[in-house]
Each structure stands twice: as C-alpha cells, then as structure tokens.
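This report concerns only the one structure given below.
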Amino acid sequence: MNIDPIKNGVVIDHITAGCGMKLYTLLGLGGLNVPVALITNAQSGKKGKKDVIKIDADINVDLDVVGFVDPGATVNVIRDGKVAEKKNMKLPSKLVNVIKCRNPRCITSTEQELDQIFMLTDEKNKTYRCLYCEGKANV
Amino acid sequence: MRSVIDITDLSKEELYGLIDTANDIIENPGKYAHACAGKKLATLFFEPSTRTRMSFEAAMYELGGSVISMTDGASSSASKGESVSDTAKIVSCYADIIAMRHPKEGAALVAAKAATVPVINAGDGGHCHPTQTLADLLTISREKGRLDDLTIGLCGDLKFGRTVHSLINAMSRYENVRLVLISPEELRLPDYVYNDVIVKNGMKCVQTSDLSWALPQLDVLYMTRVQRERFFNEEDYLRLKDSYILTPEKMGHAKPDMIVMHPLPRVNEISVKVDDDPRACYFKQALYGKYMREALILSLLSANPEK
C-alpha cells in the first residue's frame with residue numbers, strides 16, 4: 001500500500017505496531033481538518049512491523065504525548081519534501097491533560113477546570129502518578 | 001510563602017527543629033503565649049473532625065493568635081459548588097494561615113496552589129495527614145527517646161489509613177527502622193507506598209495478618225481504625241471492621257517497654273481496658289499533636305517566642 005509523500009507536514013515514524021491508533025486518539029488528530037494517514041503494520045527493517053502517522057500540514061505535535069505513548073517513535077518535520085527536523089522521543093517527566101485520573105476520591109474528579117497532571121515516578125517501569133492523589137495511571 | 005501538604009515537604013532537619021520547638025513549648029509555654037498575637041488561623045474542615053480541628057485551634061490560641069472556622073462543608077459555599085481553589089483564594093483574604101481538611105485526595109495541594117497564605121494539610125481523604133505524623137514523631141521521640149533503631153508495627157486499615165502512609169514516609173528517613181505491616185489482605189498498604197517508599201528506601205519490612213505473632217517483636221504498635229467513610233460498600237466495612245482488637249491479654253505478649261499509639265478516634269480496636277496500661281500512649285499522642293501544630297504554625301508564620 002502506498003501513501004503519497006508529503007511536502008510540508010509531520011511524519012511520526014517507528015511507532016510500535018498497535019500503538020498508532022492510541023497515539024492518533026491522544027493527539028486529537030481526528031479533529032483536524034487536514035489530511036492525516038494512519039498506517040498500521042507497515043514493514044520495518046528494525047522492528048519487523050511498525051505504525052506510521054502522516055499529517056499533511058505543518059502543525060505542532062505534542063511531543064510529550066508521543067514520548068508517553070511510544071518513546072521509541074521518531075517525529076520528522078517535513079519541509080519542501082525533505083526532512084527538516086528529526087526528533088527522538090523519551091518519556092516525558094510530566095504529562096498535562098493527556099490522561100485522566102480514574103480515582104473517584106481524587107480532587108480532579110470534582111474540581112472545576114483543574115489540569116490533569118501526572119508525574120513520571122519510575123522510568124524503568126513507565127509509572128506515572130497523579131500529582132494530586134498519587135494514584136497510578138492506567139497506561 | 002510555604003505550605004505543608006505532605007510530610008516529605010519537611011526535611012529531616014526541619015522535623016528535628018519542630019520536635020525541639022515542641023519540647024521547648026512543653027517546658028516553657030509562657031515564652032510562646034504571644035508569639036502569634038494579631039495573627040489569624042482559618043480552619044477549613046469539609047469533613048468531620050474533633051481532635052485535629054480542636055488541636056489546631058487550641059494551638060493557635062496558646063500562641064496568642066485567633067481562629068476563624070468553617071466546620072462543616074455542608075453549610076459553606078462548597079455546598080453551592082464553590083471550588084476548593086476559589087475557597088482558598090477567598091480565605092487567604094481573611095486569615096494569615098489555613099489548616100484544611102477535605103475528603104478528596106489532593107485537595108490540600110489545590111488549595112496551596114491557589115492560596116496566598118501558607119496552607120497546612122489537615123487530612124485530604126485517604127491520602128496524607130502530615131500533622132498527625134508530626135504528633136506521632138514527637139510521641140515516639142519522647143516516649144522511646146529515639147527515632148531510629150525501632151521495630152514499628154502498623155495494624156489495621158493500611159490501605160486507606162492516611163496516617164500510616166505519612167508515618168511510613170517519615171520513618172523512611174531514619175536509620176534501622178523495621179516495619180511490620182499487620183492487616184487483612186483487602187486492607188494492605190497501597191503499592192505506591194510499598195514500592196515508592198519502603199522498597200525504594202530499602203526499609204526492612206514484613207507483611208502479616210497475625211497481630212499476636214507480630215506483637216513480641218515490636219517497640220511501637222500503631223493501631224488504626226477501619227474507616228467506614230472510606231468504603232463504597234457497607235458489606236465490606238462490616239466484614240473487616242473487627243479484624244483486630246487489642247486487649248490486655250494480647251498486651252501480655254508485648255515487650256514491657258513497647259508503646260501503643262493510635263491516631264484516634266478509636267472505635268473498638270483497642271479495648272478500653274488497655275487504657276490504664278502504662279504502655280498506652282494514644283491520649284498523650286493527641287496532646288503532643290497540639291504542641292507540634294504550634295511548632296509548625298510558628299515556623300510557617302516565621303513567628304518568634306519572647307526571649
């Protein structure tokens with residue numbers, strides 16, 4: 001299957017196969033009024049299979065979200081058909097309004113317009129905890 | 001402007017400083033009688049409390065300050081839907097320092113971010129209760145003469161028991177502290193405390209459901225109540241509430257110098273017959289809490305005693 005190369009936009013590459021849709025959702029790409037392609041199970045020399053997202057517009061992608069979902073992914077910014085920037089991801093130390101605290105006893109469940117903030121407390125086990133109640137994020 | 005939300009907001013040195021101040025208040029109360037003159041403490045209690053609120057209020061009065069109070073969330077603007085954040089901003093206009101209890105976990109942090117005066121967390125749901133821990137530390141320090149080289153048994157509701165979580169956090173900083181966690185399976189310590197505090201700090205720890213087995217090893221027994229208000233399911237509460245009851249017979253298995261602590265209120269987990277045992281320290285613990293709250297208020301307001 002072929003997707004045409006993009007001239008100006010963003011390519012999120014080397015996404016672990018199966019994580020593409022989650023990333024698509026968390027980045028809110030479904031709400032954009034620009035062409036977006038989600039390719040799943042594409043062939044990969046390194047991983048065997050990978051997912052790829054192509055966005056045909058020069059938008060700012062929330063790198064914290066990409067790093068959170070898949071720190072092994074890369075974000076390529078395309079300008080005039082060439083890779084102008086290549087960004088490697090890592091687990092962000094803090095997530096703001098990316099995921100929600102599921103603890104019904106947490107203040108985030110009732111306080112109006114309170115940011116949902118999670119802190120990385122254990123990088124090895126990819127553990128994020130709610131800043132307010134310290135509840136573990138369901139990743 | 002500084003707030004105390006979690007016991008870890010205070011360094012080990014600051015904890016020793018507060019203990020020293022509290023001991024000095026006990027010895028020389030007159031020196032501190034006007035230290036907070038002209039200052040107001042607001043006690044915001046969105047959840048019922050007797051000891052903690054009265055302890056804070058007594059502490060402020062003994063420092064020569066005054067108190068304004070909100071004692072029932074149902075009669076406040078919170079019942080009209082006012083946010084914690086807005087409440088904290090408003091109360092900052094009226095008081096120099098705030099002590100707040102709220103049923104939601106993390107509420108004190110939200111208040112501290114919004115307030116323009118120091119906020120002391122007087123309990124946020126099942127999360128943290130740092131001033132109870134200050135009372136606990138002064139009790140252990142005065143009754144055992146040390147904060148290290150101790151075997152501490154924590155018994156009862158270790159899942160929702162915020163005092164237990166805060167105490168474990170505090171004790172993780174002292175040398176050679178061994179924990180014996182005594183609870184039914186369903187009320188075991190949450191993993192965020194077990195992994196992030198006990199395991200991370202390399203504390204020695206065993207978990208058991210057998211109080212009688214644990215008793216002879218302990219220097220300190222910290223009993224807790226199974227809290228009805230933390231359960232969504234009444235059946236679970238009824239099944240677990242009588243898991244542990246400390247009796248004079250059980251005390252016969254304990255060391256002669258072990259101390260029994262309890263954050264109170266007690267329901268039936270310590271028989272009243274234990275009260276006369278010289279090892280029962282829970283009423284002293286409540287008194288010590290007042291002195292530690294005085295020390296904390298002094299510190300956060302940068303108030304000084306008379307020379």
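Here's how to read the names in the structure tokens: chain A, B, ... by the order shown, residue numbers from 1 in each chain, ligand numbers from 1 in the order shown.
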Find the residues near Asn2 of chain A: any atom within 12 Å, counting only C-alpha atoms, skip ones fewer than 4 places away on the same chain, and give them as number ranges by chain. A: 37-39, 42-43
Residues of chain A were defined as contacting chain B if any atom lay at most 9 Å from it, counting only C-alpha atoms; please report them as an MDAnalysis selection string. chainID A and resid 104:112 114 121:122 129 131:136
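Non-sequential neighbours of Ala115 of chain B (distance at most 9 Å, separation of 5 or more positions within a chain, only C-alpha atoms) are Ser85, Asp86, Thr87, Ala88, Lys89, Ile90, Val91, Ser92, Ile98 and Val110 of chain B.
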Output C-alpha atoms for every residue in the selection just made, as an mmCIF file, in the first residue's frame.
data_model
loop_
_atom_site.group_PDB
_atom_site.id
_atom_site.type_symbol
_atom_site.label_atom_id
_atom_site.label_comp_id
_atom_site.auth_asym_id
_atom_site.auth_seq_id
_atom_site.Cartn_x
_atom_site.Cartn_y
_atom_site.Cartn_z
ATOM 1 C CA SER B 85 -9.313 26.754 44.660
ATOM 2 C CA ASP B 86 -11.770 29.661 44.979
ATOM 3 C CA THR B 87 -12.368 28.921 48.649
ATOM 4 C CA ALA B 88 -8.623 29.057 49.327
ATOM 5 C CA LYS B 89 -8.275 32.381 47.490
ATOM 6 C CA ILE B 90 -11.129 33.911 49.461
ATOM 7 C CA VAL B 91 -9.995 32.655 52.847
ATOM 8 C CA SER B 92 -6.491 33.980 52.118
ATOM 9 C CA ILE B 98 -5.029 27.964 56.717
ATOM 10 C CA VAL B 110 -5.048 22.534 45.062
#
What's around Leu187 of chain B at 7 Å? Count only C-alpha atoms, leave out sequence neighbours fewer than 4 positions away in its own chain, and write the answer as a short mmCIF file (atom, residue, chain, number, x, y, z; two decimals) with C-alpha atoms, in the first residue's frame.
data_model
loop_
_atom_site.label_atom_id
_atom_site.label_comp_id
_atom_site.auth_asym_id
_atom_site.auth_seq_id
_atom_site.Cartn_x
_atom_site.Cartn_y
_atom_site.Cartn_z
CA ASP B 157 -6.52 -0.33 57.81
CA LEU B 158 -3.25 0.23 55.98
CA LYS B 159 -4.98 0.82 52.64
CA SER B 183 -3.66 -6.05 58.09
#
Rounded to one decimal place, report the atom CA of Ile12 of chain A-atom CA of Asp62 of chain A distance in Å.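 That distance, rounded to one decimal, is 11.3 Å.
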Which parts of segment 8-122 of chain A does DSSP call helix (DSSP H, G or I) when run on the backbone here, written out as a short mmCIF file (atom, residue, chain, number, x, y, z; two decimals) with C-alpha atoms, in the first residue's frame?
data_model
loop_
_atom_site.label_atom_id
_atom_site.label_comp_id
_atom_site.auth_asym_id
_atom_site.auth_seq_id
_atom_site.Cartn_x
_atom_site.Cartn_y
_atom_site.Cartn_z
CA GLY A 20 -0.70 4.07 16.25
CA MET A 21 -4.42 4.36 16.95
CA LYS A 22 -3.85 5.25 20.58
CA LEU A 23 -1.45 7.99 19.53
CA TYR A 24 -3.87 9.19 16.86
CA THR A 25 -6.58 9.49 19.51
CA LEU A 26 -4.49 11.13 22.24
CA LEU A 29 -5.80 14.04 15.08
CA GLY A 30 -9.36 13.01 14.30
CA GLY A 31 -10.45 16.57 14.97
CA LEU A 63 5.95 15.61 21.76
CA ASP A 64 5.10 14.70 25.37
CA VAL A 65 2.15 12.68 24.11
CA VAL A 66 4.29 10.88 21.54
CA GLY A 67 7.01 10.19 24.11
CA PHE A 68 4.42 8.94 26.59
CA VAL A 69 2.73 6.54 24.16
CA ILE A 107 -9.83 16.10 43.74
CA THR A 108 -9.52 16.06 39.93
CA SER A 109 -12.89 14.28 39.82
#
Looking at A:Thr74, A:Ile59, A:Gly48, A:Leu32, which one is nearest to His14 of chain A, with distances taken over only C-alpha atoms?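 The shortest atom-to-atom distance to His14 of chain A comes from A:Thr74.
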Near-segment 219-224 of chain B list (9 Å; only C-alpha atoms; drop same-chain fewer than 3 positions) as a VMD selection string: chain B and resid 140 144 150 to 158 161 163 to 164 215 to 216 227 244 246 254 to 255 257 to 266 269 to 270
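If only C-alpha atoms are the atoms counted, then among B:Gly202, B:Pro118, B:Pro248, B:Gly30 the closest residue to Ser271 of chain B is B:Pro248.
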Polymer residues at most 12 Å from Ser141 of chain B, only C-alpha atoms, same-chain spacing of 5 or more positions, as a ChimeraX atom specification: /B:15-16,18-20,22-23,133-136,146-150,171,174,220,259,285,288
Write the residues you've just listed into a file as a short mmCIF file (atom, residue, chain, number, x, y, z; two decimals), in the first residue's frame, and include C-alpha atoms for each of them.
data_model
loop_
_atom_site.label_atom_id
_atom_site.label_comp_id
_atom_site.auth_asym_id
_atom_site.auth_seq_id
_atom_site.Cartn_x
_atom_site.Cartn_y
_atom_site.Cartn_z
CA LEU B 15 11.48 17.74 61.65
CA TYR B 16 14.11 17.71 64.38
CA LEU B 18 9.97 21.20 65.10
CA ILE B 19 10.45 18.49 67.73
CA ASP B 20 12.92 20.75 69.57
CA ALA B 22 7.59 21.47 70.64
CA ASN B 23 9.70 20.22 73.55
CA THR B 133 2.67 12.38 61.66
CA LEU B 134 4.26 15.28 63.49
CA ALA B 135 2.32 14.21 66.59
CA ASP B 136 3.45 10.62 66.02
CA ARG B 146 14.87 7.97 69.65
CA LEU B 147 13.53 7.86 66.09
CA ASP B 148 15.94 5.23 64.75
CA ASP B 149 16.63 1.58 65.67
CA LEU B 150 12.95 0.76 66.06
CA MET B 171 10.23 6.89 59.23
CA TYR B 174 15.65 7.25 59.93
CA VAL B 220 5.92 0.60 68.79
CA ILE B 259 4.28 1.78 73.33
CA GLN B 285 -0.16 11.43 71.43
CA TYR B 288 1.66 16.11 71.66
#
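The shortest atom-to-atom distance to Ala111 of chain B, with only C-alpha atoms taken into account, belongs to B:Val4 out of B:Ala37, B:Met54, B:Ile25, B:Val4.
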Could you list, as an mmCIF file with N, CA and C atoms, in the first residue's frame, every residue within 6 Å of segment 39-48 of chain B, counting only C-alpha atoms and ignoring same-chain residues fewer than 2 positions away?
data_model
loop_
_atom_site.group_PDB
_atom_site.id
_atom_site.type_symbol
_atom_site.label_atom_id
_atom_site.label_comp_id
_atom_site.auth_asym_id
_atom_site.auth_seq_id
_atom_site.Cartn_x
_atom_site.Cartn_y
_atom_site.Cartn_z
ATOM 1 N N CYS B 36 2.080 34.577 68.329
ATOM 2 C CA CYS B 36 1.257 34.782 67.121
ATOM 3 C C CYS B 36 0.171 35.836 67.357
ATOM 4 N N ALA B 37 0.423 36.732 68.284
ATOM 5 C CA ALA B 37 -0.565 37.787 68.566
ATOM 6 C C ALA B 37 -0.854 38.562 67.280
ATOM 7 N N GLY B 65 -2.715 33.778 69.125
ATOM 8 C CA GLY B 65 -3.410 34.156 67.899
ATOM 9 C C GLY B 65 -4.909 33.912 68.016
ATOM 10 N N SER B 66 -5.629 34.151 66.946
ATOM 11 C CA SER B 66 -7.064 33.890 66.958
ATOM 12 C C SER B 66 -7.428 32.961 65.802
ATOM 13 N N VAL B 67 -8.682 32.531 65.824
ATOM 14 C CA VAL B 67 -9.111 31.471 64.896
ATOM 15 C C VAL B 67 -10.426 31.850 64.240
ATOM 16 N N ILE B 68 -10.516 31.652 62.936
ATOM 17 C CA ILE B 68 -11.812 31.693 62.268
ATOM 18 C C ILE B 68 -12.044 30.311 61.666
ATOM 19 N N SER B 69 -13.297 29.891 61.680
ATOM 20 C CA SER B 69 -13.556 28.473 61.451
ATOM 21 C C SER B 69 -14.655 28.194 60.444
ATOM 22 N N MET B 70 -14.461 27.177 59.644
ATOM 23 C CA MET B 70 -15.544 26.608 58.850
ATOM 24 C C MET B 70 -15.538 25.126 59.207
ATOM 25 N N THR B 71 -16.578 24.681 59.905
ATOM 26 C CA THR B 71 -16.514 23.349 60.497
ATOM 27 C C THR B 71 -17.366 22.320 59.778
ATOM 28 N N ASP B 72 -18.084 22.753 58.771
ATOM 29 C CA ASP B 72 -18.983 21.814 58.110
ATOM 30 C C ASP B 72 -19.144 22.212 56.652
ATOM 31 N N GLY B 73 -18.614 21.386 55.776
ATOM 32 C CA GLY B 73 -18.681 21.692 54.351
ATOM 33 C C GLY B 73 -20.095 21.920 53.858
ATOM 34 N N ALA B 95 -7.336 35.400 56.523
ATOM 35 C CA ALA B 95 -6.504 34.717 57.524
ATOM 36 C C ALA B 95 -5.031 34.766 57.124
ATOM 37 N N ASP B 96 -4.160 34.524 58.107
ATOM 38 C CA ASP B 96 -2.722 34.520 57.854
ATOM 39 C C ASP B 96 -2.204 33.120 57.546
ATOM 40 N N ILE B 97 -3.002 32.137 57.907
ATOM 41 C CA ILE B 97 -2.598 30.745 57.672
ATOM 42 C C ILE B 97 -3.868 29.892 57.660
ATOM 43 N N ILE B 98 -3.839 28.814 56.862
ATOM 44 C CA ILE B 98 -5.029 27.964 56.717
ATOM 45 C C ILE B 98 -4.682 26.527 57.102
ATOM 46 N N ALA B 99 -5.550 25.908 57.888
ATOM 47 C CA ALA B 99 -5.467 24.455 58.109
ATOM 48 C C ALA B 99 -6.713 23.859 57.472
ATOM 49 N N MET B 100 -6.532 22.927 56.538
ATOM 50 C CA MET B 100 -7.685 22.428 55.779
ATOM 51 C C MET B 100 -7.784 20.909 55.788
ATOM 52 N N ARG B 101 -8.996 20.430 56.027
ATOM 53 C CA ARG B 101 -9.292 19.003 55.843
ATOM 54 C C ARG B 101 -10.370 18.889 54.775
ATOM 55 N N HIS B 102 -10.172 17.919 53.884
ATOM 56 C CA HIS B 102 -11.114 17.754 52.775
ATOM 57 C C HIS B 102 -11.193 16.270 52.423
#
List every residue of chain A that DSSP, applied to the backbone, labels as strand (DSSP E or B), and write the result as an MDAnalysis selection string. chainID A and resid 9:16 36:44 48:55 74:79 82:88 94:96 106 117:122 127:130 136
Residues from the last selection, N, CA and C atoms, saved as a compact mmCIF listing (two decimals), in the first residue's frame:
# COMPACT_ATOMS: atom_id res chain seq x y z
N GLY A 9 4.74 18.97 6.38
CA GLY A 9 3.92 18.32 7.40
C GLY A 9 4.77 17.57 8.41
N VAL A 10 4.16 16.56 9.01
CA VAL A 10 4.83 15.81 10.08
C VAL A 10 4.62 14.32 9.84
N VAL A 11 5.71 13.57 10.01
CA VAL A 11 5.60 12.11 9.95
C VAL A 11 6.05 11.54 11.29
N ILE A 12 5.15 10.82 11.94
CA ILE A 12 5.53 10.13 13.19
C ILE A 12 5.84 8.69 12.79
N ASP A 13 7.10 8.35 12.90
CA ASP A 13 7.57 7.08 12.36
C ASP A 13 8.02 6.14 13.49
N HIS A 14 8.21 4.90 13.12
CA HIS A 14 8.72 3.88 14.06
C HIS A 14 7.84 3.72 15.29
N ILE A 15 6.55 3.93 15.11
CA ILE A 15 5.62 3.69 16.22
C ILE A 15 5.46 2.18 16.38
N THR A 16 5.56 1.72 17.61
CA THR A 16 5.37 0.28 17.86
C THR A 16 4.02 -0.16 17.29
N VAL A 36 -4.84 13.29 7.16
CA VAL A 36 -3.99 12.52 8.09
C VAL A 36 -4.10 11.06 7.69
N ALA A 37 -2.93 10.40 7.62
CA ALA A 37 -2.95 8.96 7.31
C ALA A 37 -2.38 8.18 8.47
N LEU A 38 -3.11 7.16 8.89
CA LEU A 38 -2.59 6.24 9.91
C LEU A 38 -2.34 4.91 9.22
N ILE A 39 -1.10 4.52 9.20
CA ILE A 39 -0.74 3.25 8.55
C ILE A 39 -0.35 2.26 9.65
N THR A 40 -1.01 1.15 9.68
CA THR A 40 -0.69 0.16 10.70
C THR A 40 0.00 -1.04 10.06
N ASN A 41 0.83 -1.66 10.85
CA ASN A 41 1.54 -2.88 10.43
C ASN A 41 2.36 -2.70 9.16
N ALA A 42 2.98 -1.53 9.04
CA ALA A 42 3.87 -1.32 7.90
C ALA A 42 5.16 -2.10 8.14
N GLN A 43 5.83 -2.44 7.06
CA GLN A 43 7.08 -3.21 7.22
C GLN A 43 8.17 -2.31 7.78
N SER A 44 8.96 -2.89 8.70
CA SER A 44 10.05 -2.13 9.30
C SER A 44 11.30 -2.99 9.35
N GLY A 48 10.37 -5.13 12.37
CA GLY A 48 9.51 -6.12 11.69
C GLY A 48 8.23 -5.45 11.22
N LYS A 49 7.46 -4.91 12.19
CA LYS A 49 6.24 -4.18 11.88
C LYS A 49 6.25 -2.87 12.63
N LYS A 50 5.63 -1.87 12.08
CA LYS A 50 5.52 -0.58 12.76
C LYS A 50 4.26 0.12 12.29
N ASP A 51 3.86 1.12 13.06
CA ASP A 51 2.78 2.01 12.63
C ASP A 51 3.40 3.36 12.26
N VAL A 52 2.73 4.05 11.37
CA VAL A 52 3.23 5.36 10.91
C VAL A 52 2.04 6.32 10.81
N ILE A 53 2.25 7.56 11.23
CA ILE A 53 1.21 8.58 11.06
C ILE A 53 1.78 9.69 10.20
N LYS A 54 1.05 10.06 9.16
CA LYS A 54 1.47 11.18 8.29
C LYS A 54 0.42 12.28 8.37
N ILE A 55 0.88 13.48 8.67
CA ILE A 55 -0.03 14.62 8.77
C ILE A 55 0.37 15.62 7.68
N THR A 74 9.78 8.28 16.35
CA THR A 74 10.51 9.50 15.94
C THR A 74 9.51 10.44 15.27
N VAL A 75 9.75 11.73 15.43
CA VAL A 75 8.89 12.72 14.80
C VAL A 75 9.74 13.48 13.76
N ASN A 76 9.33 13.37 12.52
CA ASN A 76 10.05 14.06 11.43
C ASN A 76 9.22 15.22 10.92
N VAL A 77 9.85 16.38 10.91
CA VAL A 77 9.16 17.55 10.36
C VAL A 77 9.60 17.69 8.91
N ILE A 78 8.61 17.69 8.01
CA ILE A 78 8.92 17.72 6.57
C ILE A 78 8.68 19.14 6.02
N ARG A 79 9.68 19.69 5.36
CA ARG A 79 9.50 20.99 4.69
C ARG A 79 10.05 20.87 3.26
N LYS A 82 11.45 17.56 2.20
CA LYS A 82 12.65 16.98 2.84
C LYS A 82 12.50 16.98 4.36
N VAL A 83 13.23 16.08 5.00
CA VAL A 83 13.20 16.04 6.47
C VAL A 83 13.99 17.23 7.00
N ALA A 84 13.30 18.19 7.56
CA ALA A 84 13.95 19.39 8.08
C ALA A 84 14.40 19.19 9.53
N GLU A 85 13.65 18.39 10.28
CA GLU A 85 13.99 18.11 11.69
C GLU A 85 13.63 16.68 12.01
N LYS A 86 14.47 16.03 12.80
CA LYS A 86 14.15 14.68 13.24
C LYS A 86 14.27 14.65 14.77
N LYS A 87 13.17 14.33 15.43
CA LYS A 87 13.18 14.39 16.89
C LYS A 87 12.99 12.99 17.47
N ASN A 88 13.95 12.63 18.34
CA ASN A 88 13.82 11.35 19.05
C ASN A 88 13.05 11.58 20.34
N LYS A 94 6.60 14.88 32.88
CA LYS A 94 5.31 15.39 33.36
C LYS A 94 4.30 15.34 32.20
N LEU A 95 3.09 14.93 32.50
CA LEU A 95 2.02 14.92 31.49
C LEU A 95 0.91 15.86 31.94
N VAL A 96 0.56 16.78 31.09
CA VAL A 96 -0.51 17.71 31.45
C VAL A 96 -1.68 17.53 30.48
N CYS A 106 -10.14 11.30 44.04
CA CYS A 106 -9.17 12.36 43.72
C CYS A 106 -9.89 13.68 43.49
N ILE A 117 -2.63 16.36 35.88
CA ILE A 117 -1.17 16.33 35.83
C ILE A 117 -0.66 15.00 36.39
N PHE A 118 0.18 14.36 35.61
CA PHE A 118 0.81 13.11 36.05
C PHE A 118 2.33 13.27 36.00
N MET A 119 3.00 12.72 37.00
CA MET A 119 4.46 12.80 37.08
C MET A 119 5.05 11.41 36.86
N LEU A 120 6.18 11.36 36.16
CA LEU A 120 6.90 10.09 35.96
C LEU A 120 7.64 9.77 37.26
N THR A 121 7.23 8.71 37.94
CA THR A 121 7.86 8.38 39.23
C THR A 121 8.80 7.19 39.12
N ASP A 122 8.65 6.39 38.06
CA ASP A 122 9.52 5.24 37.89
C ASP A 122 9.71 5.02 36.39
N THR A 127 6.05 4.24 35.12
CA THR A 127 4.97 4.52 36.06
C THR A 127 4.73 6.02 36.18
N TYR A 128 3.51 6.42 35.89
CA TYR A 128 3.09 7.80 36.10
C TYR A 128 2.08 7.83 37.24
N ARG A 129 2.20 8.86 38.09
CA ARG A 129 1.25 9.00 39.20
C ARG A 129 0.61 10.38 39.17
N CYS A 130 -0.64 10.40 39.56
CA CYS A 130 -1.38 11.66 39.62
C CYS A 130 -0.69 12.59 40.61
N LYS A 136 -1.89 5.59 40.54
CA LYS A 136 -1.11 5.15 39.38
C LYS A 136 -1.94 5.29 38.11
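Between Asp56 of chain A and the candidates A:Pro71, A:Ile3, A:Leu91, A:Cys101, the tightest atom-to-atom separation, counting only C-alpha atoms, involves A:Ile3.
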